[in-house]
Amino acid sequence: MKAPAWTDRRIALGLALLMGAFYLLTSGAERPWGDGDYQYQHARNVWVEHRLDLGDQPRRWLFEGPDQRFYVTFSLGIALSYGPSVAFVEWLAPNHHPGLLWAVGHRFASTLYGALVAALMFLLARRLAVSRRRAVAVTLVACVATQLWVYVHSDFSEAYQTFALLLAVYVTVVAMDRPSAPWGAALGLAWGHLAVAKVVYLALLPIAFVAVLVPLWRAHGRRALRTAVPGVVAFLPGIAVMLAYNHLRTGHWLGTGRQFDHFAGPMDGSWWVGLHGLLLSSGKSIFVFSPILVAAMLGVPAFLRARPREARFVLLSASVLLLVYAQYVFWHGAWSFGPRFATCLMPLLVLPLAWLRLPAERAPRRWAAAALGGLLFVSMGVQALGNTYYEGHNIHVQNRARRALLGKTKRDSCGWCHENQYLSHFVPHFSPIATHAWLLAGALRGLDDDAMRESAPWARFFPPKLRAKVEIRRPPVDYWLLRWVGQLRGTGGRPADRVGALGWVLLFGSLLVGALGGLLVLGGLRRSEGASASAGG
């Protein structure tokens with residue numbers, strides 16, 4: 001039994017190294033703006049200056065606490081999670097210079113959490129008795145063919161939240177099969193950490209309680225308390241930290257600061273609008289921005305038959321979070337490429353793909369394989385397209401087009417207001433995918449401003465006079481590697497500063513780490529095949 005367990009750990013480590021290197025090589029180049037910038041400022045204050053506030057001067061998106069200092073609405077877990085990024089920036093890009101290193105460093109923590117998600121995804125699939133090859137396959141699909149890649153690349157905290165949720169799910173699944181005091185304590189710590197990561201995840205606690213404790217009680221009676229009591233005790237510190245953090249900022253134990261301007265009444269949204277948007281809209285549907293999920297849903301019946309208890313827990317958890325976010329006023333994630341808040345669900349929603357079986361007959365099997373390959377190719381293309389430009393540019397494009405059509409409105413200066421962005425959510429021609437594709441096609445073809453206006457996806461709705469009013473801006477490509485190559489070309493290939501020199505370190509270091517990870521994965525799979533062949537012989 002030891003050899004298979006070691007092989008699984010070896011492959012999990014290999015996947016973490018492989019995906020960590022891939023994510024670092026494809027990381028973003030744009031400095032953080034908006035929420036991403038505030039999240040980093042908050043993290044730096046926590047890690048470097050050991051304080052929770054952002055000063056005594058009012059600024060956009062901050063709220064005033066009972067001590068007359070100003071705070072962010074983000075959780076303490078997000079600030080703590082940025083520790084690796086703070087260390088990177090403080091050491092290699094102090095005072096945010098050079099800017100390219102600041103951009104890469106800001107996303108360094110997300111790169112690490114994306115790598116950890118890859119390892120956990122594989123281990124979860126193996127825990128559910130998925131073959132090693134299929135477990136590796138679904139892990140890679142989750143990492144590069146869903147919006148997880150976009151948000152590891154971005155300057156938001158979704159990669160960390162995905163890791164926190166997946167860790168809690170993994171520990172819960174293990175505790176279902178291995179009830180004990182140590183796993184009970186691990187269960188409590190994982191869910192306490194999830195509460196510190198973001199308060200919305202508390203909505204999943206009743207599901208975890210029913211999924212773990214009820215079956216344990218039925219099977220073991222009072223002996224189930226050996227798992228339950230350590231779990232509750234280990235969970236309490238996380239809740240205590242969350243409540244204390246809320247009270248310090250707002251003066252209320254349950255206050256999170258969502259009481260100012262456009263955040264007032266955050267759960268007063270339309271549930272039907274949010275659910276339709278998250279599932280069916282052109283601009284925010286999880287199936288549009290991660291098309292491979294269509295195939296994954298076809299594997300749900302087999303998942304339920306093979307692992308009914310775990311499947312119900314995983315699918316119900318994903319459903320509850322979708323329902324909660326559908327009610328949220330900002331269900332769409334505002335300035336984002338696709339349904340940002342659904343990022344944490346990508347590994348869980350991809351998981352049923354491991355049980356998908358192609359038809360046995362040759363012709364149907366060939367067509368099914370082609371369809372699956374097509375979905376995978378399109379999904380990867382959508383993510384690469386999403387990473388090509390910084391996530392806010394699609395909103396800038398939409399606002400410039402809207403101003404040309406309707407003129408300025410009272411809310412026009414409020415570029416972050418969600419009602420200004422509904423075109424990109426529900427009109428296909430304003431979808432972030434369409435916008436990014438248009439910007440990229442124009443750059444590759446070298447189109448001038450007039451040609452860009454004529455080729456815009458929404459141009460057919462605008463008469464010539466209005467099309468001429470649309471301001472055209474050309475954002476830079478948001479891959480640090482391409483910008484670094486451009487800088488080297490500008491200096492004749494000589495490193496002009498730390499960016500030039502460290503670019504080589506990041507490039508070759510990532511390639512070496514990725515190669516090592518790939519060798520570990522391939523070696524583990526070959527060892528597994530060799531053991532199976534020996535057993536069969």
# chains A, B, ... in the order shown; residues from 1 in each chain; ligands from 1
$ closest_atom_pairs --of "range 268-301 of chain A" --to "range 434-449 of chain A" --cutoff "12 Å" --atoms "only C-alpha atoms" --output "JSON lines"
{"residue": "A:Ser282", "atom": "CA", "partner": "A:Ala434", "partner_atom": "CA", "distance": 10.0}
{"residue": "A:Gly283", "atom": "CA", "partner": "A:Ala434", "partner_atom": "CA", "distance": 9.3}
{"residue": "A:Val288", "atom": "CA", "partner": "A:Ala434", "partner_atom": "CA", "distance": 11.7}
{"residue": "A:Phe289", "atom": "CA", "partner": "A:Ala434", "partner_atom": "CA", "distance": 11.5}
$ write_last_selection --atoms "N, CA and C atoms" --output "PDB file, in the first residue's frame"
ATOM      1  N   SER A 282     -24.684  35.569 -22.356  1.00  0.00           N
ATOM      2  CA  SER A 282     -23.558  35.553 -23.300  1.00  0.00           C
ATOM      3  C   SER A 282     -22.288  36.097 -22.675  1.00  0.00           C
ATOM      4  N   GLY A 283     -22.426  36.958 -21.668  1.00  0.00           N
ATOM      5  CA  GLY A 283     -21.246  37.634 -21.125  1.00  0.00           C
ATOM      6  C   GLY A 283     -20.724  37.072 -19.830  1.00  0.00           C
ATOM      7  N   VAL A 288     -20.111  29.386 -21.212  1.00  0.00           N
ATOM      8  CA  VAL A 288     -19.524  30.140 -22.315  1.00  0.00           C
ATOM      9  C   VAL A 288     -18.042  30.386 -22.068  1.00  0.00           C
ATOM     10  N   PHE A 289     -17.690  30.683 -20.832  1.00  0.00           N
ATOM     11  CA  PHE A 289     -16.305  31.011 -20.518  1.00  0.00           C
ATOM     12  C   PHE A 289     -15.476  29.788 -20.147  1.00  0.00           C
TER      13      PHE A 289
END
$ residues_around --residues "Ile292 in chain A" --least-positions-apart "5" --cutoff "6 Å" --atoms "only C-alpha atoms" --output "PyMOL selection string"
chain A and resi 375-376+379
$ write_last_selection --atoms "C-alpha atoms" --output "PDB file, in the first residue's frame"
ATOM      1  CA  LEU A 375     -14.663  21.667 -26.503  1.00  0.00           C
ATOM      2  CA  LEU A 376     -11.241  21.351 -24.922  1.00  0.00           C
ATOM      3  CA  SER A 379     -11.995  26.242 -23.730  1.00  0.00           C
TER       4      SER A 379
END
$ closest_residue --among "A:Arg307, A:Arg10, A:Arg218, A:Arg226" --to "Ala125 in chain A" --atoms "only C-alpha atoms"
A:Arg307
$ closest_residue --among "A:Val294, A:Asn399, A:Gly386, A:Leu225" --to "Ala371 in chain A" --atoms "only C-alpha atoms"
A:Val294
$ closest_residue --among "A:Ala118, A:Ala211, A:Leu92, A:Leu124" --to "Gly517 in chain A" --atoms "only C-alpha atoms"
A:Ala118
$ select_by_dssp --residues "range 31-66 of chain A" --states "alpha helix (DSSP H)" --output "ChimeraX atom specification"
/A:34-44
$ write_last_selection --atoms "all heavy atoms" --output "mmCIF file, in the first residue's frame"
data_model
loop_
_atom_site.group_PDB
_atom_site.id
_atom_site.type_symbol
_atom_site.label_atom_id
_atom_site.label_comp_id
_atom_site.auth_asym_id
_atom_site.auth_seq_id
_atom_site.Cartn_x
_atom_site.Cartn_y
_atom_site.Cartn_z
ATOM 1 N N GLY A 34 -7.633 48.988 -9.043
ATOM 2 C CA GLY A 34 -8.880 48.750 -8.332
ATOM 3 C C GLY A 34 -8.734 47.793 -7.171
ATOM 4 O O GLY A 34 -7.879 47.952 -6.294
ATOM 5 N N ASP A 35 -9.591 46.768 -7.170
ATOM 6 C CA ASP A 35 -9.598 45.797 -6.076
ATOM 7 C C ASP A 35 -8.240 45.119 -5.906
ATOM 8 O O ASP A 35 -7.784 44.894 -4.780
ATOM 9 C CB ASP A 35 -10.665 44.727 -6.337
ATOM 10 C CG ASP A 35 -12.064 45.229 -6.042
ATOM 11 O OD1 ASP A 35 -12.193 46.388 -5.602
ATOM 12 O OD2 ASP A 35 -13.028 44.474 -6.261
ATOM 13 N N GLY A 36 -7.590 44.785 -7.019
ATOM 14 C CA GLY A 36 -6.302 44.125 -6.933
ATOM 15 C C GLY A 36 -5.271 44.991 -6.223
ATOM 16 O O GLY A 36 -4.473 44.500 -5.407
ATOM 17 N N ASP A 37 -5.283 46.278 -6.511
ATOM 18 C CA ASP A 37 -4.345 47.202 -5.868
ATOM 19 C C ASP A 37 -4.641 47.322 -4.376
ATOM 20 O O ASP A 37 -3.734 47.281 -3.535
ATOM 21 C CB ASP A 37 -4.433 48.560 -6.550
ATOM 22 C CG ASP A 37 -3.294 49.483 -6.130
ATOM 23 O OD1 ASP A 37 -2.269 48.994 -5.617
ATOM 24 O OD2 ASP A 37 -3.422 50.706 -6.317
ATOM 25 N N TYR A 38 -5.923 47.471 -4.030
ATOM 26 C CA TYR A 38 -6.286 47.583 -2.616
ATOM 27 C C TYR A 38 -5.959 46.297 -1.853
ATOM 28 O O TYR A 38 -5.550 46.338 -0.693
ATOM 29 C CB TYR A 38 -7.775 47.905 -2.470
ATOM 30 C CG TYR A 38 -8.085 49.378 -2.598
ATOM 31 C CD1 TYR A 38 -8.995 49.835 -3.544
ATOM 32 C CD2 TYR A 38 -7.476 50.314 -1.773
ATOM 33 C CE1 TYR A 38 -9.289 51.181 -3.668
ATOM 34 C CE2 TYR A 38 -7.763 51.663 -1.882
ATOM 35 C CZ TYR A 38 -8.662 52.097 -2.837
ATOM 36 O OH TYR A 38 -8.943 53.431 -2.951
ATOM 37 N N GLN A 39 -6.164 45.171 -2.484
ATOM 38 C CA GLN A 39 -5.839 43.912 -1.820
ATOM 39 C C GLN A 39 -4.349 43.834 -1.508
ATOM 40 O O GLN A 39 -3.949 43.379 -0.436
ATOM 41 C CB GLN A 39 -6.279 42.735 -2.694
ATOM 42 C CG GLN A 39 -7.774 42.521 -2.717
ATOM 43 C CD GLN A 39 -8.207 41.446 -3.689
ATOM 44 O OE1 GLN A 39 -7.405 40.874 -4.414
ATOM 45 N NE2 GLN A 39 -9.503 41.162 -3.723
ATOM 46 N N TYR A 40 -3.535 44.297 -2.454
ATOM 47 C CA TYR A 40 -2.091 44.268 -2.194
ATOM 48 C C TYR A 40 -1.714 45.273 -1.106
ATOM 49 O O TYR A 40 -0.903 44.960 -0.214
ATOM 50 C CB TYR A 40 -1.290 44.559 -3.465
ATOM 51 C CG TYR A 40 0.188 44.516 -3.172
ATOM 52 C CD1 TYR A 40 0.857 43.292 -3.095
ATOM 53 C CD2 TYR A 40 0.905 45.681 -2.895
ATOM 54 C CE1 TYR A 40 2.197 43.240 -2.770
ATOM 55 C CE2 TYR A 40 2.242 45.629 -2.569
ATOM 56 C CZ TYR A 40 2.887 44.406 -2.509
ATOM 57 O OH TYR A 40 4.209 44.364 -2.169
ATOM 58 N N GLN A 41 -2.281 46.485 -1.150
ATOM 59 C CA GLN A 41 -1.981 47.467 -0.110
ATOM 60 C C GLN A 41 -2.353 46.931 1.266
ATOM 61 O O GLN A 41 -1.605 47.111 2.232
ATOM 62 C CB GLN A 41 -2.750 48.759 -0.383
ATOM 63 C CG GLN A 41 -2.302 49.531 -1.610
ATOM 64 C CD GLN A 41 -3.121 50.798 -1.792
ATOM 65 O OE1 GLN A 41 -3.367 51.548 -0.838
ATOM 66 N NE2 GLN A 41 -3.561 51.050 -3.017
ATOM 67 N N HIS A 42 -3.513 46.297 1.350
ATOM 68 C CA HIS A 42 -3.954 45.716 2.623
ATOM 69 C C HIS A 42 -2.973 44.644 3.078
ATOM 70 O O HIS A 42 -2.566 44.614 4.255
ATOM 71 C CB HIS A 42 -5.353 45.120 2.428
ATOM 72 C CG HIS A 42 -5.960 44.597 3.677
ATOM 73 N ND1 HIS A 42 -6.852 43.539 3.677
ATOM 74 C CD2 HIS A 42 -5.810 44.943 4.977
ATOM 75 C CE1 HIS A 42 -7.229 43.292 4.903
ATOM 76 N NE2 HIS A 42 -6.611 44.121 5.713
ATOM 77 N N ALA A 43 -2.575 43.765 2.155
ATOM 78 C CA ALA A 43 -1.645 42.699 2.511
ATOM 79 C C ALA A 43 -0.305 43.261 2.970
ATOM 80 O O ALA A 43 0.285 42.785 3.946
ATOM 81 C CB ALA A 43 -1.441 41.770 1.313
ATOM 82 N N ARG A 44 0.182 44.274 2.292
ATOM 83 C CA ARG A 44 1.469 44.854 2.699
ATOM 84 C C ARG A 44 1.381 45.477 4.087
ATOM 85 O O ARG A 44 2.318 45.359 4.897
ATOM 86 C CB ARG A 44 1.913 45.916 1.682
ATOM 87 C CG ARG A 44 3.321 46.423 1.958
ATOM 88 C CD ARG A 44 3.716 47.581 1.067
ATOM 89 N NE ARG A 44 5.092 47.992 1.367
ATOM 90 C CZ ARG A 44 5.431 48.746 2.412
ATOM 91 N NH1 ARG A 44 4.494 49.185 3.253
ATOM 92 N NH2 ARG A 44 6.698 49.065 2.620
#
$ atom_distance --atom1 "CA of Leu52 in chain A" --atom2 "CA of Met242 in chain A"
13.1 Å
$ residues_around --residues "Val174 in chain A" --least-positions-apart "4" --cutoff "12 Å" --atoms "only C-alpha atoms" --output "VMD selection string"
chain A and resid 123 to 128 167 to 170 178 to 180 182 to 184 186 to 187 211 to 212 227 310
$ closest_atom_pairs --of "range 10-86 of chain A" --to "range 466-482 of chain A" --cutoff "8 Å" --atoms "only C-alpha atoms" --output "Markdown table"
| residue | atom | partner | partner_atom | distance |
| --- | --- | --- | --- | --- |
| A:Leu25 | CA | A:Leu481 | CA | 6.7 |
| A:Thr26 | CA | A:Tyr479 | CA | 5.9 |
| A:Ser27 | CA | A:Tyr479 | CA | 5.9 |
| A:Gly28 | CA | A:Tyr479 | CA | 4.8 |
| A:Ala29 | CA | A:Trp480 | CA | 4.3 |
| A:Glu30 | CA | A:Asp478 | CA | 6.0 |
$ atom_distance --atom1 "CA of Gly14 in chain A" --atom2 "CA of Val138 in chain A"
14.8 Å
$ atom_distance --atom1 "CA of Leu165 in chain A" --atom2 "CA of Leu194 in chain A"
6.4 Å
$ residues_around --residues "Leu315 in chain A" --least-positions-apart "6" --cutoff "10 Å" --atoms "only C-alpha atoms" --output "PyMOL selection string"
chain A and resi 300+303-304+345+348-349+351-352
$ residues_around --residues "Cys143 in chain A" --least-positions-apart "2" --cutoff "9 Å" --atoms "only C-alpha atoms" --output "PyMOL selection string"
chain A and resi 19+114-115+117-118+138-141+145-149+346-347
$ residues_around --residues "Lys465 in chain A" --least-positions-apart "6" --cutoff "12 Å" --atoms "only C-alpha atoms" --output "ChimeraX atom specification"
/A:404-405,450,453-454,459
$ write_last_selection --atoms "C-alpha atoms" --output "CSV table (one decimal), in the first residue's frame"
chain,number,residue,atom,x,y,z
A,404,ALA,CA,-20.9,57.4,-28.5
A,405,LEU,CA,-24.4,55.9,-28.7
A,450,ASP,CA,-11.1,53.7,-38.8
A,453,ARG,CA,-14.3,51.0,-35.7
A,454,GLU,CA,-15.6,49.2,-38.8
A,459,ALA,CA,-20.3,48.2,-35.4
$ closest_residue --among "A:Leu24, A:Ala369, A:Ala12, A:Ala129" --to "Val104 in chain A" --atoms "only C-alpha atoms"
A:Leu24
$ decode --residues "range 470-485 of chain A" --atoms "all heavy atoms" --output "short mmCIF file (atom, residue, chain, number, x, y, z; two decimals), in the first residue's frame"
data_model
loop_
_atom_site.label_atom_id
_atom_site.label_comp_id
_atom_site.auth_asym_id
_atom_site.auth_seq_id
_atom_site.Cartn_x
_atom_site.Cartn_y
_atom_site.Cartn_z
N VAL A 470 -16.61 56.87 -31.64
CA VAL A 470 -16.05 55.92 -30.68
C VAL A 470 -14.54 56.09 -30.62
O VAL A 470 -13.83 55.97 -31.63
CB VAL A 470 -16.40 54.47 -31.07
CG1 VAL A 470 -15.78 53.50 -30.07
CG2 VAL A 470 -17.91 54.29 -31.12
N GLU A 471 -14.05 56.35 -29.43
CA GLU A 471 -12.61 56.50 -29.24
C GLU A 471 -11.94 55.13 -29.24
O GLU A 471 -12.41 54.21 -28.59
CB GLU A 471 -12.34 57.21 -27.91
CG GLU A 471 -10.87 57.44 -27.62
CD GLU A 471 -10.65 58.05 -26.24
OE1 GLU A 471 -11.66 58.21 -25.50
OE2 GLU A 471 -9.50 58.34 -25.91
N ILE A 472 -10.86 54.99 -29.98
CA ILE A 472 -10.15 53.73 -30.09
C ILE A 472 -8.85 53.80 -29.27
O ILE A 472 -8.04 54.71 -29.47
CB ILE A 472 -9.81 53.38 -31.55
CG1 ILE A 472 -11.10 53.25 -32.37
CG2 ILE A 472 -9.00 52.09 -31.62
CD1 ILE A 472 -12.01 52.12 -31.92
N ARG A 473 -8.69 52.87 -28.37
CA ARG A 473 -7.43 52.74 -27.63
C ARG A 473 -6.93 51.31 -27.79
O ARG A 473 -7.71 50.38 -27.90
CB ARG A 473 -7.64 53.07 -26.15
CG ARG A 473 -7.98 54.54 -25.90
CD ARG A 473 -8.08 54.85 -24.42
NE ARG A 473 -8.46 56.23 -24.18
CZ ARG A 473 -8.66 56.74 -22.96
NH1 ARG A 473 -8.52 55.97 -21.89
NH2 ARG A 473 -9.00 58.01 -22.82
N ARG A 474 -5.63 51.17 -27.77
CA ARG A 474 -5.01 49.87 -28.02
C ARG A 474 -4.23 49.43 -26.78
O ARG A 474 -3.08 49.83 -26.61
CB ARG A 474 -4.10 49.97 -29.24
CG ARG A 474 -4.83 50.48 -30.48
CD ARG A 474 -3.85 50.78 -31.60
NE ARG A 474 -4.52 51.47 -32.70
CZ ARG A 474 -5.18 50.85 -33.68
NH1 ARG A 474 -5.24 49.52 -33.70
NH2 ARG A 474 -5.78 51.54 -34.64
N PRO A 475 -4.85 48.63 -25.94
CA PRO A 475 -4.15 48.20 -24.72
C PRO A 475 -3.01 47.25 -25.06
O PRO A 475 -3.08 46.51 -26.05
CB PRO A 475 -5.25 47.49 -23.92
CG PRO A 475 -6.23 47.03 -24.95
CD PRO A 475 -6.22 48.08 -26.03
N PRO A 476 -1.97 47.25 -24.25
CA PRO A 476 -0.86 46.32 -24.49
C PRO A 476 -1.24 44.89 -24.11
O PRO A 476 -2.13 44.67 -23.28
CB PRO A 476 0.25 46.86 -23.58
CG PRO A 476 -0.50 47.55 -22.47
CD PRO A 476 -1.72 48.13 -23.10
N VAL A 477 -0.56 43.93 -24.72
CA VAL A 477 -0.79 42.52 -24.39
C VAL A 477 -0.34 42.27 -22.96
O VAL A 477 0.70 42.77 -22.52
CB VAL A 477 -0.03 41.61 -25.38
CG1 VAL A 477 -0.09 40.16 -24.94
CG2 VAL A 477 -0.63 41.77 -26.78
N ASP A 478 -1.11 41.47 -22.24
CA ASP A 478 -0.89 41.32 -20.79
C ASP A 478 -0.16 40.03 -20.44
O ASP A 478 -0.53 39.35 -19.48
CB ASP A 478 -2.24 41.39 -20.06
CG ASP A 478 -2.06 41.59 -18.56
OD1 ASP A 478 -1.06 42.21 -18.16
OD2 ASP A 478 -2.90 41.09 -17.79
N TYR A 479 0.84 39.65 -21.22
CA TYR A 479 1.74 38.55 -20.83
C TYR A 479 3.11 39.15 -20.55
O TYR A 479 3.70 39.81 -21.42
CB TYR A 479 1.85 37.53 -21.97
CG TYR A 479 0.64 36.65 -22.15
CD1 TYR A 479 -0.23 36.86 -23.22
CD2 TYR A 479 0.37 35.62 -21.25
CE1 TYR A 479 -1.34 36.05 -23.40
CE2 TYR A 479 -0.75 34.81 -21.42
CZ TYR A 479 -1.60 35.03 -22.49
OH TYR A 479 -2.70 34.24 -22.66
N TRP A 480 3.64 38.93 -19.34
CA TRP A 480 4.90 39.55 -18.97
C TRP A 480 6.03 39.09 -19.89
O TRP A 480 6.93 39.88 -20.20
CB TRP A 480 5.27 39.25 -17.52
CG TRP A 480 5.85 37.87 -17.28
CD1 TRP A 480 5.18 36.75 -16.92
CD2 TRP A 480 7.23 37.50 -17.41
NE1 TRP A 480 6.03 35.69 -16.82
CE2 TRP A 480 7.31 36.11 -17.10
CE3 TRP A 480 8.40 38.16 -17.75
CZ2 TRP A 480 8.51 35.41 -17.12
CZ3 TRP A 480 9.60 37.46 -17.77
CH2 TRP A 480 9.65 36.10 -17.47
N LEU A 481 5.98 37.85 -20.34
CA LEU A 481 7.05 37.31 -21.15
C LEU A 481 7.17 38.07 -22.48
O LEU A 481 8.27 38.38 -22.95
CB LEU A 481 6.82 35.82 -21.41
CG LEU A 481 8.00 35.00 -21.94
CD1 LEU A 481 9.21 35.11 -21.02
CD2 LEU A 481 7.59 33.54 -22.09
N LEU A 482 6.02 38.41 -23.08
CA LEU A 482 6.04 39.15 -24.34
C LEU A 482 6.54 40.57 -24.13
O LEU A 482 7.30 41.11 -24.95
CB LEU A 482 4.65 39.16 -24.97
CG LEU A 482 4.12 37.80 -25.45
CD1 LEU A 482 2.73 37.96 -26.04
CD2 LEU A 482 5.07 37.20 -26.48
N ARG A 483 6.15 41.19 -23.05
CA ARG A 483 6.63 42.56 -22.78
C ARG A 483 8.14 42.54 -22.49
O ARG A 483 8.87 43.45 -22.88
CB ARG A 483 5.87 43.17 -21.61
CG ARG A 483 4.42 43.47 -21.92
CD ARG A 483 3.90 44.56 -21.03
NE ARG A 483 2.45 44.60 -21.05
CZ ARG A 483 1.72 45.39 -20.29
NH1 ARG A 483 2.32 46.20 -19.43
NH2 ARG A 483 0.41 45.36 -20.36
N TRP A 484 8.59 41.52 -21.80
CA TRP A 484 10.02 41.41 -21.50
C TRP A 484 10.82 41.23 -22.78
O TRP A 484 11.87 41.85 -22.96
CB TRP A 484 10.24 40.23 -20.55
CG TRP A 484 11.68 39.91 -20.28
CD1 TRP A 484 12.56 40.64 -19.53
CD2 TRP A 484 12.39 38.76 -20.75
NE1 TRP A 484 13.78 40.01 -19.51
CE2 TRP A 484 13.71 38.86 -20.25
CE3 TRP A 484 12.05 37.66 -21.54
CZ2 TRP A 484 14.68 37.90 -20.51
CZ3 TRP A 484 13.01 36.71 -21.80
CH2 TRP A 484 14.31 36.83 -21.30
N VAL A 485 10.33 40.38 -23.69
CA VAL A 485 11.00 40.21 -24.98
C VAL A 485 11.04 41.54 -25.73
O VAL A 485 12.05 41.89 -26.34
CB VAL A 485 10.29 39.12 -25.81
CG1 VAL A 485 10.81 39.11 -27.24
CG2 VAL A 485 10.47 37.76 -25.17
#
